[in-house]
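Visitor: File structure_28.cif below, mmCIF, C-alpha atoms:
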```
data_structure
loop_
_atom_site.label_atom_id
_atom_site.label_comp_id
_atom_site.auth_asym_id
_atom_site.auth_seq_id
_atom_site.Cartn_x
_atom_site.Cartn_y
_atom_site.Cartn_z
CA MET U 1 108.88 135.34 108.82
CA ARG U 2 105.54 136.39 107.33
CA LEU U 3 104.63 135.09 103.85
CA GLN U 4 104.44 138.61 102.39
CA THR U 5 107.97 139.34 103.65
CA ARG U 6 109.23 136.03 102.29
CA PHE U 7 107.46 136.75 99.00
CA SER U 8 109.14 140.16 98.69
CA THR U 9 112.51 138.64 99.62
CA VAL U 10 112.15 135.97 96.94
CA LEU U 11 111.23 138.56 94.29
CA CYS U 12 114.12 140.86 95.19
CA THR U 13 116.56 137.95 95.31
CA ALA U 14 115.35 136.66 91.95
CA VAL U 15 115.87 140.07 90.34
CA CYS U 16 119.28 140.57 91.99
CA ILE U 17 120.72 137.20 90.96
CA GLY U 18 119.32 137.39 87.45
CA LEU U 19 116.63 134.69 87.64
CA LEU U 20 113.97 137.29 87.05
CA PRO U 21 114.39 140.38 84.89
CA ALA U 22 113.62 143.67 86.63
CA HIS U 23 110.83 144.44 84.15
CA ALA U 24 108.92 141.40 85.50
CA LEU U 25 107.83 143.55 88.42
CA ALA U 26 106.10 146.03 86.10
CA GLU U 27 102.80 145.85 84.23
CA PRO U 28 102.96 143.12 81.56
CA LYS U 29 103.22 144.13 77.93
CA ILE U 30 101.11 142.15 75.47
CA ILE U 31 102.39 142.20 71.91
CA GLY U 32 100.02 141.06 69.17
CA ASP U 33 96.26 140.78 68.79
CA ARG U 34 94.38 138.23 70.90
CA ASN U 35 92.21 137.41 67.91
CA GLY U 36 93.19 133.77 67.46
CA LYS U 37 95.12 134.55 64.28
CA ASP U 38 98.27 136.33 65.53
CA VAL U 39 101.24 135.24 67.61
CA VAL U 40 101.00 136.87 71.04
CA THR U 41 103.96 137.68 73.28
CA ILE U 42 103.51 138.37 76.99
CA ARG U 43 106.49 140.28 78.34
CA GLY U 44 107.24 141.67 81.78
CA VAL U 45 104.70 139.54 83.64
CA GLU U 46 103.84 140.88 87.09
CA THR U 47 103.79 138.42 89.94
CA THR U 48 100.50 137.60 91.61
CA LYS U 49 99.46 135.29 94.41
CA SER U 50 97.66 132.11 93.41
CA LYS U 51 94.67 130.54 95.16
CA GLN U 52 97.21 127.96 96.36
CA ALA U 53 99.04 130.78 98.21
CA LEU U 54 102.13 130.79 95.98
CA PRO U 55 103.75 133.54 93.92
CA ILE U 56 102.97 132.96 90.24
CA PHE U 57 103.91 134.73 87.05
CA PRO U 58 100.89 134.24 84.75
CA GLY U 59 102.11 133.90 81.20
CA VAL U 60 99.84 132.43 78.55
CA SER U 61 96.14 132.16 79.41
CA GLY U 62 92.74 133.09 78.11
CA LYS U 63 93.06 136.47 79.80
CA THR U 64 96.56 137.39 78.60
CA ALA U 65 96.80 135.77 75.16
CA GLY U 66 93.28 134.75 74.23
CA ALA U 67 94.18 131.06 74.68
CA THR U 68 91.20 128.74 74.49
CA GLY U 69 92.65 125.43 75.64
CA LEU U 70 95.72 125.97 77.82
CA SER U 71 97.64 128.10 80.27
CA LEU U 72 101.37 128.39 80.96
CA LEU U 73 102.91 130.10 83.96
CA LYS U 74 105.92 130.21 86.25
CA VAL U 75 105.48 129.25 89.91
CA VAL U 76 107.87 130.04 92.76
CA ILE U 77 107.73 128.13 96.05
CA PRO U 78 109.63 130.23 98.61
CA PRO U 79 112.35 128.59 100.73
CA GLY U 80 110.68 126.22 103.20
CA GLY U 81 107.29 127.10 101.72
CA SER U 82 104.44 125.10 100.28
CA ALA U 83 101.23 125.51 98.37
CA GLU U 84 97.95 124.98 100.13
CA ALA U 85 96.45 121.56 99.37
CA HIS U 86 94.24 121.81 96.30
CA ILE U 87 92.68 120.18 93.25
CA HIS U 88 92.49 121.40 89.66
CA LYS U 89 88.86 120.47 89.01
CA GLY U 90 88.61 118.79 85.61
CA TYR U 91 92.07 119.79 84.36
CA GLU U 92 95.49 118.15 84.01
CA SER U 93 98.80 119.79 84.92
CA ALA U 94 102.25 119.33 83.43
CA ILE U 95 105.19 120.76 85.35
CA TYR U 96 108.87 121.24 84.56
CA LEU U 97 110.93 121.84 87.71
CA ILE U 98 113.65 124.36 86.80
CA GLN U 99 115.22 124.75 90.24
CA GLY U 100 115.04 123.02 93.60
CA ARG U 101 113.72 119.86 95.22
CA VAL U 102 110.00 119.56 95.86
CA GLU U 103 108.06 116.90 97.73
CA THR U 104 104.50 116.63 96.49
CA HIS U 105 101.98 115.04 98.84
CA TYR U 106 99.03 113.77 96.84
CA GLY U 107 96.02 111.48 96.63
CA GLU U 108 93.27 110.82 99.14
CA GLY U 109 94.25 112.41 102.43
CA LEU U 110 97.57 113.44 100.82
CA LYS U 111 98.95 110.09 102.06
CA LYS U 112 101.22 109.47 99.05
CA SER U 113 104.27 111.53 98.14
CA VAL U 114 106.99 111.89 95.53
CA VAL U 115 110.20 113.94 95.59
CA ASN U 116 111.20 115.70 92.40
CA LYS U 117 114.38 117.58 91.54
CA ALA U 118 115.39 120.18 88.96
CA GLY U 119 115.08 118.77 85.46
CA ASP U 120 112.10 116.53 86.24
CA PHE U 121 108.90 116.62 84.21
CA ILE U 122 105.83 116.00 86.38
CA PHE U 123 102.26 115.09 85.41
CA ILE U 124 99.31 115.58 87.76
CA PRO U 125 96.02 114.09 86.52
CA ALA U 126 92.79 116.07 86.77
CA ASP U 127 91.08 116.09 90.18
CA VAL U 128 94.07 114.65 92.10
CA PRO U 129 94.56 116.47 95.43
CA HIS U 130 98.13 117.65 95.90
CA LYS U 131 100.38 119.89 97.95
CA PRO U 132 103.94 120.68 96.80
CA VAL U 133 106.52 121.52 99.49
CA ASN U 134 109.91 123.15 98.84
CA LEU U 135 112.51 121.00 100.63
CA SER U 136 115.10 123.80 100.75
CA LYS U 137 115.10 126.26 103.63
CA THR U 138 117.38 128.66 101.71
CA GLN U 139 116.51 128.56 97.99
CA PRO U 140 113.22 129.02 96.13
CA ALA U 141 111.90 126.18 93.97
CA ILE U 142 110.95 127.38 90.49
CA ALA U 143 108.73 125.58 87.99
CA ILE U 144 106.99 126.11 84.67
CA VAL U 145 103.40 124.84 84.77
CA ALA U 146 101.15 124.07 81.82
CA ARG U 147 97.49 123.21 82.19
CA ASN U 148 94.73 122.40 79.71
CA ASP U 149 92.70 125.20 81.28
CA PRO U 150 92.88 128.71 79.79
CA ASP U 151 91.37 130.14 83.00
CA GLU U 152 94.30 128.81 85.08
CA GLN U 153 93.07 129.84 88.55
CA GLU U 154 89.30 129.53 87.99
CA HIS U 155 89.13 125.77 88.60
CA VAL U 156 91.44 125.57 91.63
CA VAL U 157 89.54 124.04 94.54
CA PRO U 158 90.95 123.95 98.09
CA TYR U 159 91.42 120.46 99.54
CA ALA U 160 90.84 120.35 103.29
CA LEU U 161 92.22 117.30 105.11
CA ASP U 162 89.63 117.66 107.86
CA ASP U 163 86.73 117.55 105.36
CA PRO U 164 85.06 114.10 105.57
CA SER U 165 84.01 114.35 101.90
CA ASN U 166 87.74 114.30 100.96
CA GLU U 167 88.42 110.93 102.64
#
```
Go through the file and emit its structure as structure tokens.

Guide:
Amino acid sequence: MRLQTRFSTVLCTAVCIGLLPAHALAEPKIIGDRNGKDVVTIRGVETTKSKQALPIFPGVSGKTAGATGLSLLKVVIPPGGSAEAHIHKGYESAIYLIQGRVETHYGEGLKKSVVNKAGDFIFIPADVPHKPVNLSKTQPAIAIVARNDPDEQEHVVPYALDDPSNE
């Protein structure tokens, strides 16, 4: 099954079973001024594809809320899917796994791994290569990700295993 088909299936399933409100497929509504003095609400976030090749729902960021030191988003790893190996150059990530079981391969050559389950809090230090893999073939894995980078996707760098500079 092609990724785009899987992606559409995940979105439709999420709306149908109530994990994702139908308005999340529409243009996001931003409530409040992004002036650094008002509370900002981001509602109805549209899904996009990340540099890591995963569906994401960008929530709080420099672009949406005027954040200057963090971003917060929802990530969906489709059944049997994975992100492409990558690094967040200069930025830490904190993750709360809402649903599923995910094995994250990490470190030099992605030789280490850890399995996390729903309810786990996960910390990934800056510049650590990693690749999360959804262990379920039937259910999406869903996580909330916070990063000390308001430009969430700007500092994502692909990590190629066949690149000698990565060993």

Visitor: Excluding same-chain residues fewer than 4 positions from Lys29 (chain U), what lies within 7 Å of it counting all atoms listed in the file, as a list of chain:residue names?

Guide: U:Ile42, U:Arg43, U:Gly44

Visitor: Give as a CSV table (one decimal) with C-alpha atoms, in the frame of the given file the residues that the PyMOL selection byres ((chain U and resi 105-119) around 12) matches when applied to the coordinates above.

Guide:
```csv
chain,number,residue,atom,x,y,z
U,82,SER,CA,104.4,125.1,100.3
U,83,ALA,CA,101.2,125.5,98.4
U,84,GLU,CA,98.0,125.0,100.1
U,85,ALA,CA,96.4,121.6,99.4
U,86,HIS,CA,94.2,121.8,96.3
U,87,ILE,CA,92.7,120.2,93.2
U,95,ILE,CA,105.2,120.8,85.4
U,96,TYR,CA,108.9,121.2,84.6
U,97,LEU,CA,110.9,121.8,87.7
U,98,ILE,CA,113.6,124.4,86.8
U,99,GLN,CA,115.2,124.8,90.2
U,100,GLY,CA,115.0,123.0,93.6
U,101,ARG,CA,113.7,119.9,95.2
U,102,VAL,CA,110.0,119.6,95.9
U,103,GLU,CA,108.1,116.9,97.7
U,104,THR,CA,104.5,116.6,96.5
U,120,ASP,CA,112.1,116.5,86.2
U,121,PHE,CA,108.9,116.6,84.2
U,122,ILE,CA,105.8,116.0,86.4
U,123,PHE,CA,102.3,115.1,85.4
U,124,ILE,CA,99.3,115.6,87.8
U,125,PRO,CA,96.0,114.1,86.5
U,126,ALA,CA,92.8,116.1,86.8
U,127,ASP,CA,91.1,116.1,90.2
U,128,VAL,CA,94.1,114.6,92.1
U,129,PRO,CA,94.6,116.5,95.4
U,130,HIS,CA,98.1,117.6,95.9
U,131,LYS,CA,100.4,119.9,98.0
U,132,PRO,CA,103.9,120.7,96.8
U,133,VAL,CA,106.5,121.5,99.5
U,134,ASN,CA,109.9,123.2,98.8
U,135,LEU,CA,112.5,121.0,100.6
U,136,SER,CA,115.1,123.8,100.8
U,140,PRO,CA,113.2,129.0,96.1
U,141,ALA,CA,111.9,126.2,94.0
U,142,ILE,CA,111.0,127.4,90.5
U,143,ALA,CA,108.7,125.6,88.0
U,144,ILE,CA,107.0,126.1,84.7
U,159,TYR,CA,91.4,120.5,99.5
U,160,ALA,CA,90.8,120.4,103.3
U,161,LEU,CA,92.2,117.3,105.1
U,162,ASP,CA,89.6,117.7,107.9
U,163,ASP,CA,86.7,117.6,105.4
U,164,PRO,CA,85.1,114.1,105.6
U,165,SER,CA,84.0,114.4,101.9
U,166,ASN,CA,87.7,114.3,101.0
U,167,GLU,CA,88.4,110.9,102.6
```

Visitor: Give the padded box for region 56-66 of chain U as JSON: axis-aligned, covering all atoms listed in the file, 4 Å on each side, centre and edge lengths in Å to one decimal.

Guide:
```
{"center_x": 98.3, "center_y": 134.8, "center_z": 82.2, "size_x": 19.2, "size_y": 13.2, "size_z": 24.0}
```

Visitor: Residue by residue, what does the PyMOL selection byres ((chain U and resi 147) around 12) grab here? Present the result as an MDAnalysis selection string.

Guide: chainID U and resid 58:62 67:74 88:96 122:126 144:146 148:156

Visitor: Write out the residues from the selection above, keeping C-alpha atoms, as a JSON list (two decimals), in the frame of the given file.

Guide:
```
[["chain", "number", "residue", "atom", "x", "y", "z"],
["U", 58, "PRO", "CA", 100.89, 134.24, 84.75],
["U", 59, "GLY", "CA", 102.11, 133.90, 81.20],
["U", 60, "VAL", "CA", 99.84, 132.43, 78.55],
["U", 61, "SER", "CA", 96.14, 132.16, 79.41],
["U", 62, "GLY", "CA", 92.74, 133.09, 78.11],
["U", 67, "ALA", "CA", 94.18, 131.06, 74.68],
["U", 68, "THR", "CA", 91.20, 128.74, 74.49],
["U", 69, "GLY", "CA", 92.65, 125.43, 75.64],
["U", 70, "LEU", "CA", 95.72, 125.97, 77.82],
["U", 71, "SER", "CA", 97.64, 128.10, 80.27],
["U", 72, "LEU", "CA", 101.37, 128.39, 80.96],
["U", 73, "LEU", "CA", 102.91, 130.10, 83.96],
["U", 74, "LYS", "CA", 105.92, 130.21, 86.25],
["U", 88, "HIS", "CA", 92.49, 121.40, 89.66],
["U", 89, "LYS", "CA", 88.86, 120.47, 89.01],
["U", 90, "GLY", "CA", 88.61, 118.79, 85.61],
["U", 91, "TYR", "CA", 92.07, 119.79, 84.36],
["U", 92, "GLU", "CA", 95.49, 118.15, 84.01],
["U", 93, "SER", "CA", 98.80, 119.79, 84.92],
["U", 94, "ALA", "CA", 102.25, 119.33, 83.43],
["U", 95, "ILE", "CA", 105.19, 120.76, 85.35],
["U", 96, "TYR", "CA", 108.87, 121.24, 84.56],
["U", 122, "ILE", "CA", 105.83, 116.00, 86.38],
["U", 123, "PHE", "CA", 102.26, 115.09, 85.41],
["U", 124, "ILE", "CA", 99.31, 115.58, 87.76],
["U", 125, "PRO", "CA", 96.02, 114.09, 86.52],
["U", 126, "ALA", "CA", 92.79, 116.07, 86.77],
["U", 144, "ILE", "CA", 106.99, 126.11, 84.67],
["U", 145, "VAL", "CA", 103.40, 124.84, 84.77],
["U", 146, "ALA", "CA", 101.15, 124.07, 81.82],
["U", 148, "ASN", "CA", 94.73, 122.40, 79.71],
["U", 149, "ASP", "CA", 92.70, 125.20, 81.28],
["U", 150, "PRO", "CA", 92.88, 128.71, 79.79],
["U", 151, "ASP", "CA", 91.37, 130.14, 83.00],
["U", 152, "GLU", "CA", 94.30, 128.81, 85.08],
["U", 153, "GLN", "CA", 93.07, 129.84, 88.55],
["U", 154, "GLU", "CA", 89.30, 129.53, 87.99],
["U", 155, "HIS", "CA", 89.13, 125.77, 88.60],
["U", 156, "VAL", "CA", 91.44, 125.57, 91.63]]
```

Visitor: Could you check the closest approach to Ile31 (chain U) for each of U:Ile56, U:Val76, U:Ala65, U:Val45 and tell me which residue wins, using only C-alpha atoms?

Guide: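 Among the listed residues, the smallest separation from Ile31 (chain U) belongs to U:Ala65.
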
Visitor: Go ahead and compute the interatomic distance for CA of Val157 (chain U) and CA of Gln52 (chain U), in Å to one decimal.

Guide: 8.8 Å
